[in-house]
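Below is structure_5.txt, which holds compact mmCIF, C-alpha atoms and all ligand atoms.
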# COMPACT_ATOMS: atom_id res chain seq x y z
CA MET A 24 -0.76 15.00 -16.22
CA LYS A 25 0.19 11.44 -17.10
CA PHE A 26 1.73 9.15 -14.49
CA VAL A 27 2.65 5.51 -14.84
CA ILE A 28 1.54 3.22 -12.03
CA ALA A 29 4.40 1.04 -10.89
CA THR A 30 2.77 -2.03 -9.42
CA HIS A 31 2.29 -5.67 -10.38
CA ASN A 32 -0.44 -6.13 -7.78
CA LYS A 33 -3.92 -5.99 -9.37
CA GLY A 34 -5.63 -5.06 -6.10
CA LYS A 35 -3.30 -2.11 -5.61
CA LEU A 36 -3.68 -1.06 -9.23
CA VAL A 37 -7.46 -0.67 -8.82
CA GLU A 38 -6.95 1.43 -5.69
CA PHE A 39 -4.23 3.58 -7.29
CA GLN A 40 -6.49 4.36 -10.25
CA ARG A 41 -9.44 5.39 -8.13
CA LEU A 42 -7.26 7.46 -5.75
CA LEU A 43 -5.25 9.21 -8.48
CA GLU A 44 -8.11 10.02 -10.84
CA PRO A 45 -9.78 12.67 -8.62
CA MET A 46 -6.39 14.40 -8.45
CA GLY A 47 -6.61 15.01 -12.21
CA ILE A 48 -3.90 12.47 -12.89
CA GLN A 49 -4.14 10.18 -15.88
CA ALA A 50 -2.86 6.91 -14.45
CA VAL A 51 -1.51 4.57 -17.09
CA THR A 52 0.00 1.11 -16.89
CA ALA A 53 3.01 -0.30 -18.72
CA GLN A 54 4.97 -3.53 -19.02
CA LEU A 55 7.49 -2.98 -16.24
CA SER A 56 10.25 -5.06 -14.77
CA GLU A 57 9.98 -5.99 -11.11
CA PRO A 58 12.97 -4.53 -9.29
CA GLU A 59 14.27 -6.42 -6.29
CA GLU A 60 12.94 -4.89 -3.10
CA THR A 61 16.26 -4.56 -1.30
CA GLY A 62 15.27 -1.59 0.89
CA LYS A 63 15.07 -1.80 4.67
CA THR A 64 11.97 0.38 4.90
CA PHE A 65 8.67 0.75 3.09
CA ALA A 66 9.82 4.17 1.83
CA GLU A 67 13.08 2.82 0.39
CA ASN A 68 11.27 0.05 -1.48
CA ALA A 69 8.62 2.42 -2.82
CA TYR A 70 11.41 4.62 -4.18
CA LEU A 71 13.16 1.65 -5.85
CA LYS A 72 9.95 0.65 -7.65
CA ALA A 73 9.04 4.19 -8.73
CA ALA A 74 12.58 5.05 -9.87
CA ALA A 75 12.82 1.89 -12.00
CA ALA A 76 9.44 2.55 -13.64
CA CYS A 77 10.30 6.18 -14.31
CA GLN A 78 13.58 5.19 -15.92
CA GLU A 79 11.89 2.52 -18.06
CA THR A 80 9.03 4.71 -19.32
CA GLY A 81 10.32 8.28 -19.14
CA LEU A 82 7.10 9.20 -17.31
CA PRO A 83 6.60 10.29 -13.71
CA ALA A 84 6.00 7.01 -11.88
CA VAL A 85 4.06 6.29 -8.70
CA ALA A 86 4.67 3.23 -6.55
CA ASP A 87 3.65 2.13 -3.10
CA ASP A 88 5.34 -0.28 -0.78
CA SER A 89 2.95 -1.51 1.81
CA GLY A 90 2.34 -4.23 4.32
CA LEU A 91 0.72 -5.54 7.45
CA CYS A 92 2.51 -5.09 10.78
CA VAL A 93 1.23 -7.38 13.54
CA ASP A 94 2.09 -6.46 17.14
CA TYR A 95 2.18 -10.10 18.28
CA LEU A 96 4.67 -10.87 15.46
CA ASP A 97 6.95 -7.98 16.50
CA GLY A 98 5.76 -5.89 13.57
CA GLY A 99 5.98 -8.72 11.03
CA PRO A 100 5.47 -9.52 8.26
CA GLY A 101 5.92 -5.75 7.62
CA ILE A 102 8.04 -5.08 4.53
CA TYR A 103 8.04 -8.84 3.89
CA SER A 104 4.23 -9.02 3.64
CA ALA A 105 4.30 -10.12 -0.01
CA ARG A 106 7.10 -12.64 0.56
CA PHE A 107 6.77 -14.31 3.94
CA ALA A 108 4.53 -17.15 2.78
CA GLN A 109 3.43 -18.67 -0.53
CA PRO A 110 0.76 -16.82 -2.53
CA GLY A 111 -2.64 -18.03 -1.37
CA GLN A 112 -1.25 -18.99 2.05
CA ARG A 113 -0.48 -15.58 3.51
CA ARG A 114 -3.73 -14.80 5.33
CA LEU A 115 -3.94 -18.32 6.64
CA THR A 116 -0.34 -18.16 7.84
CA VAL A 117 -1.05 -15.00 9.86
CA LEU A 118 -4.21 -16.55 11.33
CA LYS A 119 -2.28 -19.72 12.27
CA LYS A 120 0.50 -17.75 13.95
CA LEU A 121 -2.12 -15.99 16.05
CA GLU A 122 -4.09 -19.12 16.93
CA GLY A 123 -5.20 -18.95 20.57
CA VAL A 124 -4.05 -15.31 20.93
CA ALA A 125 -6.59 -13.15 22.78
CA GLU A 126 -8.35 -10.21 21.13
CA GLU A 127 -6.40 -7.57 23.12
CA GLN A 128 -3.13 -8.98 21.78
CA ARG A 129 -4.19 -9.03 18.14
CA GLY A 130 -3.36 -5.39 17.39
CA ALA A 131 -2.02 -4.65 13.90
CA HIS A 132 -1.61 -1.85 11.43
CA PHE A 133 -1.21 -1.42 7.71
CA VAL A 134 1.43 0.91 6.25
CA SER A 135 1.59 2.40 2.78
CA ALA A 136 4.59 4.42 1.63
CA VAL A 137 3.89 6.19 -1.65
CA CYS A 138 6.65 7.55 -3.85
CA CYS A 139 6.48 9.44 -7.11
CA VAL A 140 9.70 9.86 -9.09
CA PHE A 141 9.94 12.43 -11.90
CA PRO A 142 12.19 12.13 -14.96
CA ASN A 143 14.40 14.95 -13.58
CA GLY A 144 15.08 12.83 -10.47
CA ASP A 145 12.81 14.75 -8.11
CA ARG A 146 10.57 12.75 -5.84
CA VAL A 147 7.42 13.34 -3.83
CA GLU A 148 6.76 10.94 -0.95
CA ALA A 149 4.05 10.33 1.64
CA GLU A 150 3.12 7.66 4.14
CA GLY A 151 -0.16 6.49 5.63
CA LYS A 152 -1.09 4.06 8.38
CA CYS A 153 -4.28 2.58 9.76
CA PHE A 154 -4.74 0.67 12.98
CA GLY A 155 -6.91 -2.30 13.85
CA ARG A 156 -6.75 -5.97 14.82
CA ILE A 157 -6.31 -9.36 13.21
CA ALA A 158 -9.71 -11.05 13.04
CA PHE A 159 -10.18 -14.60 14.34
CA GLN A 160 -11.18 -15.70 10.88
CA SER A 161 -11.27 -14.37 7.36
CA ARG A 162 -14.47 -12.42 6.54
CA GLY A 163 -15.57 -10.50 3.44
CA GLU A 164 -14.92 -10.85 -0.26
CA ASN A 165 -13.97 -7.27 -1.12
CA GLY A 166 -10.50 -5.81 -1.44
CA PHE A 167 -7.38 -7.94 -1.74
CA GLY A 168 -4.42 -9.31 0.19
CA TYR A 169 -4.91 -9.21 3.94
CA ASP A 170 -8.15 -7.18 3.83
CA SER A 171 -10.40 -10.02 4.96
CA ILE A 172 -8.40 -10.63 8.17
CA PHE A 173 -7.83 -6.99 9.20
CA GLU A 174 -10.65 -5.44 11.19
CA GLN A 175 -11.56 -2.10 12.67
CA ASP A 176 -14.51 -1.87 15.06
CA GLY A 177 -15.44 -5.48 14.32
CA VAL A 178 -15.65 -5.01 10.53
CA THR A 179 -12.94 -6.36 8.23
CA PHE A 180 -11.63 -4.35 5.28
CA GLY A 181 -12.92 -7.24 3.15
CA GLU A 182 -16.43 -6.29 4.26
CA LEU A 183 -16.09 -2.63 3.25
CA SER A 184 -17.06 -0.93 -0.01
CA ALA A 185 -14.25 0.66 -2.02
CA GLU A 186 -15.22 4.14 -0.77
CA GLU A 187 -15.32 2.99 2.86
CA LYS A 188 -11.92 1.36 2.56
CA ASP A 189 -10.33 4.43 0.93
CA ALA A 190 -11.73 6.65 3.69
CA ARG A 191 -9.93 4.72 6.43
CA SER A 192 -7.11 2.73 4.82
CA HIS A 193 -3.36 3.27 4.98
CA ARG A 194 -3.36 3.85 1.20
CA GLY A 195 -6.24 6.32 1.40
CA HIS A 196 -4.34 8.29 4.07
CA ALA A 197 -1.06 8.06 2.14
CA PHE A 198 -2.63 9.34 -1.08
CA ALA A 199 -4.38 12.19 0.73
CA ALA A 200 -0.99 13.34 2.10
CA PHE A 201 0.60 12.66 -1.29
CA GLU A 202 -1.96 14.87 -3.08
CA GLN A 203 -1.12 17.77 -0.79
CA LYS A 204 2.63 17.35 -1.31
CA LEU A 205 2.26 16.94 -5.06
CA ARG A 206 0.28 20.18 -5.29
CA GLU A 207 3.01 22.00 -3.35
CA TYR A 208 5.72 20.47 -5.54
CA LEU A 209 3.96 21.40 -8.79
CA ALA A 210 3.24 24.93 -7.55
CA ASN A 211 6.94 25.38 -6.75
CA GLN A 212 7.89 24.02 -10.16
CA GLN A 213 5.75 26.66 -11.84
CA LYS A 214 7.53 29.41 -9.90
CA THR A 215 10.98 28.37 -11.06
P1 LIG A 301 4.14 -4.36 -6.09
O1 LIG A 301 5.44 -4.37 -5.32
O2 LIG A 301 4.31 -4.74 -7.53
O3 LIG A 301 3.39 -3.09 -5.92
P2 LIG A 301 3.38 -6.33 -4.14
O4 LIG A 301 2.13 -7.10 -3.90
O5 LIG A 301 4.67 -7.10 -4.17
O6 LIG A 301 3.18 -5.50 -5.49
P3 LIG A 301 4.32 -4.99 -1.77
O7 LIG A 301 5.71 -5.46 -1.98
O8 LIG A 301 4.11 -3.56 -1.36
O9 LIG A 301 3.45 -5.16 -3.10
O10 LIG A 301 3.64 -5.96 -0.73
C1 LIG A 301 2.48 -5.58 -0.05
C2 LIG A 301 1.85 -6.79 0.58
O11 LIG A 301 0.89 -6.34 1.54
C3 LIG A 301 1.09 -7.63 -0.43
O12 LIG A 301 1.10 -8.97 -0.01
C4 LIG A 301 -0.31 -7.07 -0.36
O13 LIG A 301 -1.30 -8.00 -0.72
C5 LIG A 301 -0.41 -6.63 1.10
N1 LIG A 301 -1.21 -5.40 1.17
C6 LIG A 301 -0.79 -4.14 0.87
N2 LIG A 301 -1.81 -3.27 0.91
C7 LIG A 301 -2.89 -3.98 1.26
C8 LIG A 301 -4.23 -3.65 1.43
O14 LIG A 301 -4.69 -2.43 1.22
N3 LIG A 301 -5.07 -4.62 1.79
C9 LIG A 301 -4.62 -5.87 1.98
N4 LIG A 301 -3.39 -6.28 1.79
C10 LIG A 301 -2.51 -5.33 1.44
Give the structure from the file, written as structure tokens.
Amino acid sequence: MKFVIATHNKGKLVEFQRLLEPMGIQAVTAQLSEPEETGKTFAENAYLKAAAACQETGLPAVADDSGLCVDYLDGGPGIYSARFAQPGQRRLTVLKKLEGVAEEQRGAHFVSAVCCVFPNGDRVEAEGKCFGRIAFQSRGENGFGYDSIFEQDGVTFGELSAEEKDARSHRGHAFAAFEQKLREYLANQQKT
């Protein structure tokens, strides 16, 4: 089964490939346009990206819309995680906004909404979350995006191996649920 991965984020791309491969999916890339993320939810934006990629390539397309939701920032940056500060400034901006905020008030979670759109218009969707805190400073070189400032049990995602991150991350959870739903969808397709 060949799916096109609808993302322009290199960090996500690496994770998509390693999460989709064990499902027996051949994950390919393509030159894709970047649709405007006009949705009001992660799920709506994931659908917009997957639908555009499916239309452009004629292949089933998988996208994720994801982000960091910080309790102290009323759930922000949330769906605006890729847009609320300049590239290279995003982690620092979150850390600055939480300067002087005590550990108990630094709760946060990541969300990943995954959507696969098929050429016949069908879609399979799943969502995953993981909960933790915003660290006091950036730690760890692994991963991407906000990984080095998001910690669980005192360890940031930037300090985890790829396998460790997948086992506990929002995207790992979302793809596990997605795999289940995809299997059900494909089994139903074979019946009809
Ligand atoms: P695509 O839309 O092309 O997939 P994007 O980077 O714009 O790429 P989003 O709109 O979903 O993707 O924005 C997600 C933001 O949240 C982006 O800034 C990511 O770096 C960050 N993010 C998402 N998942 C993350 C993860 O697992 N670890 C760290 N940061 C993450």
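Proximity ranking of A:Arg106, A:Lys63, A:Lys35, A:Lys72 relative to His193 in chain A places A:Lys35 first, based on all atoms listed in the file.
CA of Ile157 in chain A to atom C8 of ligand LIG 301 (chain A) spans 13.3 Å [interatomic distance, one decimal].
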Exercise: range 120-133 of chain A partners within 12 Å, only C-alpha atoms, chain neighbours under 4 positions left out, as number ranges by chain: A: 65, 88-102, 104, 108, 113-116, 150-160, 168-170, 172-177, 180, 191-197
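Nearest to Gln78 in chain A of all the residues A:Tyr103, A:Phe39, A:Phe141, A:Phe198 is A:Phe141, based on all atoms listed in the file.
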Within-7 Å shell of (0.1, 5.6, -18.0) in input frame, all atoms listed in the file, as a PyMOL selection string: chain A and resi 25-28+49-53
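Of the listed residues (A:Leu209, A:Cys77, A:Leu42, A:Ala29), A:Ala29 comes nearest to ligand LIG 301 (chain A); the distances count all atoms listed in the file.
Checking A:Arg206, A:Glu38, A:Glu164, A:Ala76 one by one against Ala190 in chain A, counting only C-alpha atoms, you find the shortest gap at A:Glu38.
Using only C-alpha atoms, the nearest neighbour of Glu182 in chain A within the list A:Ser161, A:Gln109, A:Gln212, A:Thr80 is A:Ser161.
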Protein and nucleic acid residues near (7.9, 1.8, 0.3) (cut-off 10 Å, only C-alpha atoms) as JSON, numbers by chain: {"A": [60, 62, 63, 64, 65, 66, 67, 68, 69, 70, 71, 72, 73, 86, 87, 88, 89, 90, 102, 134, 135, 136, 137, 138, 148, 149, 150]}
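From CA of Leu36 in chain A back to atom O6 of ligand LIG 301 (chain A), the distance works out to 9.0 Å.
The closest residue to Val37 in chain A, picked from A:Glu202, A:Glu79, A:Asp189, A:Glu207 and counting all atoms listed in the file, is A:Asp189.
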With 4 Å of padding per side, what axis-aligned box (centre and edge lengths, Å, one decimal) covers all the listed atoms of range 42-61 of chain A? Give it as lines of an AutoDock Vina configuration file.
center_x = 3.2
center_y = 4.3
center_z = -10.2
size_x = 34.0
size_y = 29.4
size_z = 25.7
Distance in Å - atom O11 of ligand LIG 301 (chain A) versus CA of Leu118 in chain A: 15.0 Å
Can you pull out the residues contacting Val147 in chain A? Cut-off 7 Å, using only C-alpha atoms, and skip same-chain residues under 5 positions away; I want them as a compact mmCIF listing (two decimals) with C-alpha atoms, in the coordinates of the input.
# COMPACT_ATOMS: atom_id res chain seq x y z
CA CYS A 138 6.65 7.55 -3.85
CA CYS A 139 6.48 9.44 -7.11
CA VAL A 140 9.70 9.86 -9.09
CA LYS A 204 2.63 17.35 -1.31
CA LEU A 205 2.26 16.94 -5.06
